[in-house]
Every structure is written in C-alpha cells, then in structure tokens.
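Undergrad: Shown below is the structure under consideration.
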Amino acid sequence: KVRKPGFSRLTHLIMDSLSSSFASLDLNACSVDELREAAGSSIGAKTARAIVDYRYQSGPFRDFDQLYKVPGVGQTKVTALRQHTHIPGSTESVSASIRLQRSASNSSQDAADNKVDLNTAGEADLRRLKGVGPATANGIISMRRER
C-alpha cells in the first residue's frame, strides 16, 4: 500500500481500518446474492436468504450478535460476516480492529481506557489516542467526510 509522508504507522493502521470498514458490505442493505458473494463459501444461498428474511421481518441489525437469532447461523458464520460486512451505526468492527492494531504496535496503554468512536469523535477525542496528534486527527476527520 502507498503510505502518505508525515503520517505515523498507527495513523496508517487507523486509516486502513476505516477504509476497509467503509468498503465492506452493509449487512442491513445487501441482497441475498451480495451477501453470498461477500462472505464466500462461508454463507450459502439458504443462510443468506434466512439472514435477509430475518432482517425484513425484524428490522435492521443493530449488532452482529443478533445474527445468532437467525436459523442456521452459528459462530463460524457470524465470524465470517464480521470480516466481510458492517452494520451502520455499530462501531464493533472498527473498535475491534483498533484494539488489535494497538496490541500489534505493543502499546503499553490499556486499550479499554482509551475507547474512541472513530466514526463520530472530534479532534480532541482522537488526540487522546497514543500517537495521534492534530494532523492525524484532522486527517481522520477529513477521511470520514470523504466517505
């Protein structure tokens, strides 16, 4: 991937996470075929149809745990769906990704004390994250606006 000069490794990890989150399939708007294609061999036609039917009958998903209520969906399928889809308004996938990236960068700071919703946080909240200064925070905010 092309890296922008002046941005730290953590900034690039955050921006990559945001990009992949926005690029993934919206679980609350996808069709049966789109769902099957996005999740690959993990989700078959019958399961994809059950997910879309459940969404139609029960309303939009608020989080991935709701998928366990869909007949035929278990841990393996929920894991696959977490990787290939997102739920608008849910910060679950972005938050999990950021926590993993902090661990990978050997941050000694406790991630639980520094939770920030990257989808809504202002500059001051973003700057509370280790390695995020004014330029990085503004870069994240600008990227959100572009999406």
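Just remember, in the structure tokens the first chain shown is A, the second B, etc., residues are 1-based per chain, and ligands are 1-based in the order shown.
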List the spatial neighbours of Ser142 (chain A) as a ChimeraX atom specification - criterion: any atom at most 12 Å away, only C-alpha atoms, same-chain residues fewer than 3 positions off excluded.
TA: /A:15,18,118-123,135-139,145-147
Undergrad: Can those selected residues be exported to a file as a compact mmCIF listing (two decimals), in the first residue's frame so that it contains N, CA, C and O atoms?
TA:
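Result saved to out-v1.txt:
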```txt
# COMPACT_ATOMS: atom_id res chain seq x y z
N MET A 15 -6.30 4.50 9.38
CA MET A 15 -6.90 4.86 8.10
C MET A 15 -7.23 3.61 7.27
O MET A 15 -8.27 3.56 6.62
N LEU A 18 -10.39 2.20 8.75
CA LEU A 18 -11.56 2.96 8.33
C LEU A 18 -11.92 2.66 6.88
O LEU A 18 -13.09 2.48 6.54
N LEU A 118 -14.29 6.18 16.24
CA LEU A 118 -13.66 6.87 15.13
C LEU A 118 -14.66 7.43 14.13
O LEU A 118 -14.33 8.29 13.33
N ASN A 119 -15.89 6.96 14.19
CA ASN A 119 -16.91 7.44 13.26
C ASN A 119 -17.51 8.77 13.67
O ASN A 119 -18.11 9.45 12.85
N THR A 120 -17.37 9.13 14.95
CA THR A 120 -18.01 10.36 15.43
C THR A 120 -17.09 11.26 16.24
O THR A 120 -17.45 12.41 16.51
N ALA A 121 -15.92 10.79 16.63
CA ALA A 121 -15.04 11.54 17.53
C ALA A 121 -14.54 12.83 16.90
O ALA A 121 -14.23 12.88 15.71
N GLY A 122 -14.46 13.85 17.72
CA GLY A 122 -13.88 15.12 17.29
C GLY A 122 -12.37 15.09 17.45
O GLY A 122 -11.79 14.10 17.93
N GLU A 123 -11.73 16.18 17.08
CA GLU A 123 -10.26 16.24 17.12
C GLU A 123 -9.72 15.97 18.53
O GLU A 123 -8.77 15.20 18.70
N ALA A 135 -2.53 16.80 13.31
CA ALA A 135 -2.55 16.50 11.87
C ALA A 135 -3.23 15.16 11.60
O ALA A 135 -4.05 15.04 10.68
N THR A 136 -2.93 14.16 12.41
CA THR A 136 -3.52 12.84 12.23
C THR A 136 -5.02 12.89 12.51
O THR A 136 -5.82 12.33 11.76
N ALA A 137 -5.40 13.56 13.59
CA ALA A 137 -6.82 13.67 13.94
C ALA A 137 -7.59 14.35 12.81
O ALA A 137 -8.66 13.88 12.41
N ASN A 138 -7.05 15.43 12.30
CA ASN A 138 -7.72 16.13 11.20
C ASN A 138 -7.75 15.28 9.93
O ASN A 138 -8.71 15.34 9.16
N GLY A 139 -6.70 14.47 9.71
CA GLY A 139 -6.70 13.55 8.57
C GLY A 139 -7.81 12.52 8.67
O GLY A 139 -8.48 12.20 7.68
N ARG A 145 -15.28 12.50 6.21
CA ARG A 145 -16.13 13.38 5.40
C ARG A 145 -16.16 12.96 3.94
O ARG A 145 -17.16 13.12 3.27
N GLU A 146 -15.02 12.41 3.44
CA GLU A 146 -14.95 11.95 2.05
C GLU A 146 -15.82 10.74 1.82
O GLU A 146 -16.25 10.49 0.72
N ARG A 147 -16.06 9.95 2.83
CA ARG A 147 -16.83 8.72 2.71
C ARG A 147 -18.26 9.07 2.80
O ARG A 147 -19.21 8.74 2.67
```
Undergrad: With a distance cut-off of 8 Å and only C-alpha atoms, select the neighbouring residues of Val116 (chain A), excluding the residue or stretch itself and same-chain residues fewer than 3 positions from it, and output the selection as number ranges by chain.
TA: A: 95, 121, 125-126, 129
Undergrad: What residues in region 16-89 of chain A get the DSSP label helix (DSSP H, G or I)? Please answer as a PyMOL selection string.
TA: chain A and resi 16-23+32-42+45-58+64-69+75-84
Undergrad: Could you tell me how far CA of Asp65 (chain A) lies from CA of Arg82 (chain A), in Å and to one decimal?
TA: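 Going from CA of Asp65 (chain A) over to CA of Arg82 (chain A) covers 10.0 Å.
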Undergrad: Work out how far apart CA of Asp26 (chain A) and CA of His84 (chain A) are and give it in Å to one decimal.
TA: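 Taking CA of Asp26 (chain A) as the start and CA of His84 (chain A) as the end point, the length is 9.1 Å.
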Undergrad: Between A:Gly40, A:Gly59, A:Gly72, A:Gly131, which is the closest to Thr85 (chain A) once you count only C-alpha atoms?
TA: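 When distances to Thr85 (chain A) are compared using only C-alpha atoms, the smallest one comes from A:Gly40.
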Undergrad: As an exercise, work out the distance from CA of Asp117 (chain A) to CA of Gly74 (chain A) in Å and give it to one decimal place.
TA: 27.6 Å
Undergrad: Which residues are near Val52 (chain A)? Cut-off 9 Å, only C-alpha atoms, ignore same chain within fewer than 6 positions. Put them as a CSV table (one decimal) with N, CA, C and O atoms, in the first residue's frame.
TA:
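Generated output (part_19.csv):
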```
chain,number,residue,atom,x,y,z
A,27,LEU,N,-24.6,-4.9,6.0
A,27,LEU,CA,-25.4,-6.0,6.3
A,27,LEU,C,-26.9,-5.7,6.3
A,27,LEU,O,-27.8,-6.6,6.0
A,28,ASN,N,-27.3,-4.4,6.5
A,28,ASN,CA,-28.7,-4.0,6.5
A,28,ASN,C,-29.2,-3.6,5.2
A,28,ASN,O,-30.4,-3.2,5.1
A,29,ALA,N,-28.4,-3.6,4.2
A,29,ALA,CA,-28.9,-3.2,2.8
A,29,ALA,C,-28.6,-4.2,1.7
A,29,ALA,O,-29.0,-4.0,0.6
A,30,CYS,N,-27.8,-5.2,2.0
A,30,CYS,CA,-27.4,-6.1,0.9
A,30,CYS,C,-28.5,-7.1,0.5
A,30,CYS,O,-29.4,-7.4,1.3
A,31,SER,N,-28.3,-7.6,-0.7
A,31,SER,CA,-29.2,-8.6,-1.2
A,31,SER,C,-28.7,-10.0,-0.9
A,31,SER,O,-27.6,-10.1,-0.4
A,32,VAL,N,-29.5,-11.0,-1.1
A,32,VAL,CA,-29.0,-12.4,-0.9
A,32,VAL,C,-27.8,-12.7,-1.7
A,32,VAL,O,-26.8,-13.2,-1.2
A,35,LEU,N,-24.7,-10.8,-0.4
A,35,LEU,CA,-24.3,-11.4,0.9
A,35,LEU,C,-23.5,-12.7,0.6
A,35,LEU,O,-22.4,-12.9,1.2
```
Undergrad: With only C-alpha atoms as the basis for distance, which of A:Ser24, A:Ile141, A:Ser90, A:Pro134 is at the shortest distance from Pro60 (chain A)?
TA: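 Distance minimum relative to Pro60 (chain A) lands on A:Ser90.
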